[in-house]
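Have a look at my_file_23.cif; it's mmCIF, C-alpha atoms:
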```cif
data_target
loop_
_atom_site.label_atom_id
_atom_site.label_comp_id
_atom_site.auth_asym_id
_atom_site.auth_seq_id
_atom_site.Cartn_x
_atom_site.Cartn_y
_atom_site.Cartn_z
CA SER L 243 -16.61 5.86 -29.19
CA GLY L 244 -18.07 2.92 -27.32
CA ASN L 245 -19.88 1.85 -24.18
CA ASP L 246 -18.67 2.95 -20.78
CA VAL L 247 -18.19 0.26 -18.15
CA ILE L 248 -18.43 0.98 -14.43
CA SER L 249 -17.73 -1.68 -11.82
CA LEU L 250 -19.04 -1.26 -8.26
CA THR L 251 -18.49 -3.16 -5.07
CA ILE L 252 -21.45 -4.33 -3.02
CA GLY L 253 -21.14 -1.28 -0.81
CA GLY L 254 -21.36 1.06 -3.78
CA THR L 255 -17.73 2.19 -3.84
CA PRO L 256 -16.34 2.45 -7.39
CA VAL L 257 -13.36 0.16 -7.91
CA ASP L 258 -12.81 0.41 -11.66
CA PHE L 259 -13.53 2.96 -14.39
CA SER L 260 -13.05 1.95 -18.00
CA LEU L 261 -14.36 2.56 -21.49
CA LEU L 262 -14.45 0.71 -24.77
CA LEU L 263 -12.39 2.79 -27.20
CA ALA L 264 -12.86 2.10 -30.89
CA VAL L 265 -11.06 3.42 -33.98
CA ARG L 266 -13.15 3.50 -37.15
CA GLY L 267 -12.33 4.50 -40.70
CA ASP L 268 -14.90 4.74 -43.50
CA GLY L 269 -17.36 2.85 -41.32
CA THR L 270 -14.94 -0.03 -40.73
CA LEU L 271 -13.79 -1.02 -37.26
CA LEU L 272 -9.99 -0.78 -37.28
CA ALA L 273 -9.20 -1.35 -33.62
CA GLU L 274 -11.03 -1.73 -30.34
CA LYS L 275 -9.76 -2.02 -26.77
CA LEU L 276 -11.01 -1.71 -23.21
CA VAL L 277 -9.10 1.26 -21.74
CA ARG L 278 -8.77 1.95 -18.03
CA VAL L 279 -7.41 4.98 -16.21
CA ASN L 280 -3.62 5.21 -16.74
CA GLN L 281 -3.73 2.25 -19.13
CA ALA L 282 -2.82 3.51 -22.59
CA PHE L 283 -4.36 2.67 -25.95
CA HIS L 284 -1.79 2.47 -28.79
CA TRP L 285 -2.75 3.28 -32.35
CA GLY L 286 -0.78 4.58 -35.34
CA GLY L 287 2.26 5.42 -33.24
CA PHE L 288 0.17 7.44 -30.79
CA GLN L 289 -0.47 6.69 -27.14
CA LEU L 290 -3.91 7.65 -25.80
CA THR L 291 -4.43 7.71 -22.04
CA LEU L 292 -7.73 8.43 -20.30
CA HIS L 293 -7.18 11.54 -18.18
CA ARG L 294 -10.57 12.95 -17.17
CA TYR L 295 -14.14 11.79 -17.52
CA GLY L 296 -17.65 12.72 -16.52
CA PHE L 297 -21.22 13.28 -17.68
CA ALA L 298 -22.36 15.73 -20.32
CA PRO L 299 -26.01 16.81 -19.92
CA GLU L 300 -27.80 18.64 -22.72
CA LEU L 301 -29.43 21.79 -21.36
CA VAL L 302 -31.87 24.37 -22.66
CA ALA L 303 -32.84 27.35 -20.47
CA TRP L 304 -35.23 30.32 -20.89
CA ASP L 305 -35.63 33.43 -18.73
CA PRO L 306 -39.09 34.81 -17.72
CA ALA L 307 -39.15 36.98 -20.88
CA GLY L 308 -39.04 33.83 -23.01
CA THR L 309 -35.49 34.44 -24.21
CA LYS L 310 -33.44 31.32 -24.71
CA ARG L 311 -30.32 31.87 -22.60
CA LEU L 312 -28.70 28.48 -22.92
CA ASP L 313 -28.77 25.70 -25.51
CA GLY L 314 -25.93 23.21 -25.58
CA VAL L 315 -24.05 20.38 -23.91
CA ALA L 316 -22.13 20.96 -20.69
CA ALA L 317 -19.11 18.83 -19.76
CA LEU L 318 -19.42 18.54 -16.00
CA MET L 319 -16.91 17.29 -13.47
CA VAL L 320 -19.58 15.51 -11.48
CA ILE L 321 -17.75 12.58 -9.92
CA PRO L 322 -18.56 11.84 -7.15
CA PRO L 323 -22.32 12.41 -7.57
CA GLY L 324 -23.46 15.75 -6.18
CA LYS L 325 -20.24 17.58 -6.96
CA GLU L 326 -21.17 21.12 -7.97
CA ASP L 327 -20.24 22.63 -11.32
CA SER L 328 -21.53 25.63 -13.26
CA VAL L 329 -22.32 26.85 -16.76
CA ALA L 330 -21.76 30.53 -17.64
CA MET L 331 -24.24 32.56 -19.68
CA ASP L 332 -24.19 35.98 -21.31
CA GLY L 333 -24.44 38.99 -19.01
CA GLY L 334 -22.51 37.32 -16.17
CA GLU L 335 -25.34 35.01 -15.15
CA GLN L 336 -24.68 31.34 -14.50
CA ILE L 337 -26.43 28.11 -13.66
CA LYS L 338 -24.92 25.98 -10.91
CA LEU L 339 -25.52 22.28 -11.41
CA ARG L 340 -25.33 19.09 -9.37
CA LEU L 341 -25.91 15.86 -11.24
CA TYR L 342 -27.13 12.65 -9.62
CA PRO L 343 -26.96 9.77 -12.17
CA ASP L 344 -29.29 7.49 -10.19
CA PHE L 345 -31.29 10.01 -8.17
CA ALA L 346 -32.71 9.17 -4.76
CA THR L 347 -33.29 10.89 -1.43
CA ARG L 348 -31.86 9.64 1.83
CA GLN L 349 -33.23 11.25 4.96
CA GLY L 350 -34.42 14.13 2.82
CA VAL L 351 -30.98 14.73 1.26
CA PRO L 352 -30.35 14.22 -2.50
CA ALA L 353 -28.17 11.20 -3.24
CA SER L 354 -27.32 8.72 -5.99
CA ARG L 355 -27.82 4.98 -5.62
CA SER L 356 -25.03 4.28 -8.14
CA LEU L 357 -22.92 5.88 -10.87
CA ALA L 358 -25.01 4.24 -13.59
CA PRO L 359 -27.32 6.76 -15.33
CA LEU L 360 -30.54 4.93 -14.42
CA ARG L 361 -32.52 7.96 -13.22
CA PRO L 362 -30.48 11.09 -13.97
CA ALA L 363 -31.54 14.28 -12.23
CA LEU L 364 -30.06 17.78 -12.15
CA LEU L 365 -30.32 20.16 -9.22
CA PHE L 366 -29.89 23.65 -10.61
CA GLU L 367 -29.53 27.16 -9.21
CA TRP L 368 -29.86 30.14 -11.56
CA LEU L 369 -27.73 33.09 -10.38
CA ASP L 370 -27.59 36.66 -11.63
CA ALA L 371 -24.38 38.60 -12.29
CA GLN L 372 -24.13 39.56 -8.61
CA GLY L 373 -24.45 35.96 -7.44
CA ARG L 374 -28.04 36.29 -6.21
CA THR L 375 -30.34 33.30 -6.61
CA LEU L 376 -33.10 33.80 -9.18
CA ALA L 377 -34.43 30.24 -9.31
CA ARG L 378 -33.63 26.89 -7.76
CA GLY L 379 -35.09 23.48 -8.59
CA ARG L 380 -34.69 19.94 -9.85
CA VAL L 381 -35.18 18.55 -13.35
CA GLU L 382 -34.98 14.92 -14.42
CA LYS L 383 -33.77 13.65 -17.77
CA GLY L 384 -36.39 14.26 -20.45
CA GLY L 385 -38.26 16.77 -18.28
CA THR L 386 -38.65 20.51 -17.79
CA ALA L 387 -38.69 22.49 -14.58
CA GLU L 388 -40.09 26.02 -14.22
CA VAL L 389 -39.34 28.15 -11.16
CA ASN L 390 -40.18 31.86 -10.87
CA GLY L 391 -40.66 32.01 -14.63
CA TYR L 392 -37.24 30.46 -15.37
CA ARG L 393 -37.43 27.24 -17.38
CA VAL L 394 -34.74 24.56 -17.59
CA THR L 395 -35.02 21.50 -19.85
CA PHE L 396 -32.84 18.40 -19.57
CA PRO L 397 -33.33 16.51 -22.89
CA ALA L 398 -30.40 14.06 -22.89
CA LEU L 399 -27.32 12.82 -21.07
CA SER L 400 -24.03 11.61 -22.52
CA TYR L 401 -20.55 10.76 -21.31
CA TRP L 402 -17.43 12.75 -22.05
CA GLY L 403 -13.77 11.83 -21.74
CA GLY L 404 -10.51 13.74 -21.91
CA PHE L 405 -7.41 11.99 -23.27
CA ILE L 406 -3.69 12.66 -23.21
CA VAL L 407 -2.36 12.01 -26.72
CA ALA L 408 1.40 11.50 -27.02
CA ARG L 409 3.88 10.13 -29.53
CA ASP L 410 7.54 9.52 -28.71
CA GLN L 411 9.48 8.78 -31.89
CA GLY L 412 12.72 8.50 -29.93
CA LEU L 413 11.49 5.65 -27.76
CA TRP L 414 13.60 3.03 -29.55
CA PHE L 415 16.74 5.16 -29.16
CA PHE L 416 15.98 5.46 -25.45
CA MET L 417 15.56 1.70 -25.18
CA LEU L 418 18.82 1.10 -27.08
CA GLY L 419 20.68 3.56 -24.82
CA SER L 420 19.29 1.89 -21.71
CA LEU L 421 20.37 -1.52 -23.01
CA LEU L 422 23.91 -0.34 -23.78
CA GLY L 423 24.15 1.36 -20.38
CA SER L 424 23.05 -1.81 -18.60
CA LEU L 425 25.58 -3.83 -20.63
CA GLY L 426 28.38 -1.44 -19.67
CA ILE L 427 27.51 -1.64 -15.98
CA GLY L 428 27.38 -5.43 -16.21
CA LEU L 429 30.84 -5.59 -17.83
CA ARG L 430 32.26 -3.26 -15.19
CA LEU L 431 30.93 -5.49 -12.42
CA ALA L 432 32.14 -8.67 -14.14
CA PHE L 433 35.60 -7.30 -14.99
CA PRO L 434 36.47 -4.65 -12.38
CA ASP L 435 39.44 -2.33 -12.94
CA GLN L 436 41.71 -3.82 -10.27
CA ALA L 437 45.47 -4.33 -10.12
CA ILE L 438 47.82 -6.29 -7.87
CA ARG L 439 51.58 -5.90 -8.24
CA VAL L 440 53.92 -8.25 -6.40
CA ALA L 441 57.67 -7.86 -6.02
CA TRP L 442 60.18 -9.93 -4.05
CA GLY L 443 63.89 -9.97 -3.43
CA PRO L 444 66.60 -10.97 -0.93
CA CYS L 445 67.01 -9.27 2.44
CA ASP L 446 69.24 -9.76 5.49
CA ASN L 447 67.19 -12.56 6.99
CA GLY L 448 65.42 -14.07 4.01
CA THR L 449 63.15 -12.76 1.20
CA ARG L 450 61.23 -9.48 1.17
CA LEU L 451 57.76 -9.65 -0.43
CA THR L 452 55.94 -6.43 -1.42
CA VAL L 453 52.31 -6.35 -2.53
CA ASP L 454 50.89 -3.17 -4.17
CA ALA L 455 47.14 -3.19 -4.88
CA GLY L 456 44.84 -0.59 -6.42
CA ALA L 457 41.27 -0.25 -7.69
CA ARG L 458 39.21 2.57 -9.28
CA PHE L 459 35.93 1.13 -8.08
CA PHE L 460 34.92 -0.72 -4.90
CA PRO L 461 38.25 -0.27 -3.05
CA ALA L 462 36.89 -1.74 0.19
CA LEU L 463 35.89 -4.97 -1.59
CA HIS L 464 39.26 -5.12 -3.33
CA GLU L 465 41.03 -4.70 0.00
CA GLU L 466 39.21 -7.74 1.41
CA GLN L 467 40.22 -9.78 -1.61
CA VAL L 468 43.87 -8.75 -1.24
CA ASP L 469 43.85 -9.61 2.46
#
```

Could you write out this file's structure as structure tokens?
Amino acid sequence: SGNDVISLTIGGTPVDFSLLLAVRGDGTLLAEKLVRVNQAFHWGGFQLTLHRYGFAPELVAWDPAGTKRLDGVAALMVIPPGKEDSVAMDGGEQIKLRLYPDFATRQGVPASRSLAPLRPALLFEWLDAQGRTLARGRVEKGGTAEVNGYRVTFPALSYWGGFIVARDQGLWFFMLGSLLGSLGIGLRLAFPDQAIRVAWGPCDNGTRLTVDAGARFFPALHEEQVD
């Protein structure tokens, strides 16, 4: 629960999407945090990450016979504004929808001035089971549009969000294993498994010196050291 926050640049390009996520129990606020995309919210051993988001318009639709064909809330993938989505109805019919949160027209083409829901408007197209258009129109929030006897009402608009909920109880074991592995690699680098054996003895014209060197790791580096 909470208030969605949308930041825009001067040119109207979205640069940040976030929401205020609150945990409540028995009417008491237990935790609250501003959550951004791919920035997790931790609570009770769970990790909640914002995955999808969009607008959820409430829709009511009647056919020319006065039969209510649709009454509910649709979760639409409508970002960016004007992206088309659809809601299925009984009998194979469907209503295609395009939502503009801040509706405007630019050179006669529908557009949205921003992502803030200042003047929400839905462009709808009612299709029969064969995909033929029965009605097409526009309805603003709080209004009703009637085309060819088909009525569509747009009472309210809400946000919706989809979250990935995860809990990894073995996280501390993973961290401990990573720490031990890093320690082992550090010890190996600090104390490499290298050996140098030296032997000497008399020969015809003096003393013979023999050097035997070996290494399990980094033999080229060990060879430079021996040289």

Neighbours of range 377-382 of chain L within 7 Å (only C-alpha atoms; same-chain residues fewer than 5 positions away dropped), as a short mmCIF file (atom, residue, chain, number, x, y, z; two decimals) with C-alpha atoms, in the coordinates of the input?
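Saved to part21.cif:
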```
data_model
loop_
_atom_site.label_atom_id
_atom_site.label_comp_id
_atom_site.auth_asym_id
_atom_site.auth_seq_id
_atom_site.Cartn_x
_atom_site.Cartn_y
_atom_site.Cartn_z
CA PRO L 362 -30.48 11.09 -13.97
CA ALA L 363 -31.54 14.28 -12.23
CA LEU L 364 -30.06 17.78 -12.15
CA LEU L 365 -30.32 20.16 -9.22
CA PHE L 366 -29.89 23.65 -10.61
CA GLU L 367 -29.53 27.16 -9.21
CA TRP L 368 -29.86 30.14 -11.56
CA ALA L 387 -38.69 22.49 -14.58
CA VAL L 389 -39.34 28.15 -11.16
CA ASN L 390 -40.18 31.86 -10.87
CA TYR L 392 -37.24 30.46 -15.37
CA PHE L 396 -32.84 18.40 -19.57
#
```

**Close residues, range 280-293 of chain L itself excluded, 12 Å, only C-alpha atoms, min 5 positions apart in chain, as a list in words** = Asp258, Phe259, Ser260, Leu261, Leu262, Leu263, Ala264, Val265, Arg266, Leu272, Ala273, Glu274, Lys275, Trp402, Gly403, Gly404, Phe405, Ile406, Val407, Ala408, Arg409, Asp410, Gln411, Gly412 and Leu413 of chain L

**Prompt:** What separation in Å, quoted to one decimal, exists between CA of Ser328 in chain L and CA of Phe297 in chain L?
**Reply:** 13.1 Å

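In this structure, CA of Phe415 in chain L sits 18.3 Å away from CA of Ile427 in chain L.
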
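For Leu360 in chain L, the non-local neighbours within 10 Å, defined as residues at least 5 positions apart in the same chain or in other chains and counting all atoms listed in the file, are Tyr342, Pro343, Asp344, Phe345, Ser354, Arg355 and Lys383 of chain L.
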
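Here CA of Gln372 in chain L and CA of Lys310 in chain L stand 20.3 Å from one another.
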
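Among the candidates L:Leu271, L:Ala441, L:Leu318, L:Val394, the residue lying nearest to Arg340 in chain L is L:Leu318 (atoms considered: all atoms listed in the file).
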
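Among L:Leu369, L:Leu463, L:Leu276, L:Ala432, the residue with the shortest atom-to-atom distance to Asp332 in chain L, counting all atoms listed in the file, is L:Leu369.
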
**Asked** Could you pull the residues within 7 Å of range 313-316 of chain L, counting only C-alpha atoms, minus those fewer than 4 positions along the same chain, as a ChimeraX atom specification?
**Response** /L:298-303

**Nearest residue to Asp435 in chain L from the set L:Gly267, L:Gly334, L:Pro461, L:Gly308 (distances using all atoms listed in the file)** = L:Pro461

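Proximity to Trp304 in chain L was assessed for L:Thr270, L:Thr375, L:Ser356, L:Thr386 counting all atoms listed in the file; the smallest distance is recorded for L:Thr386.
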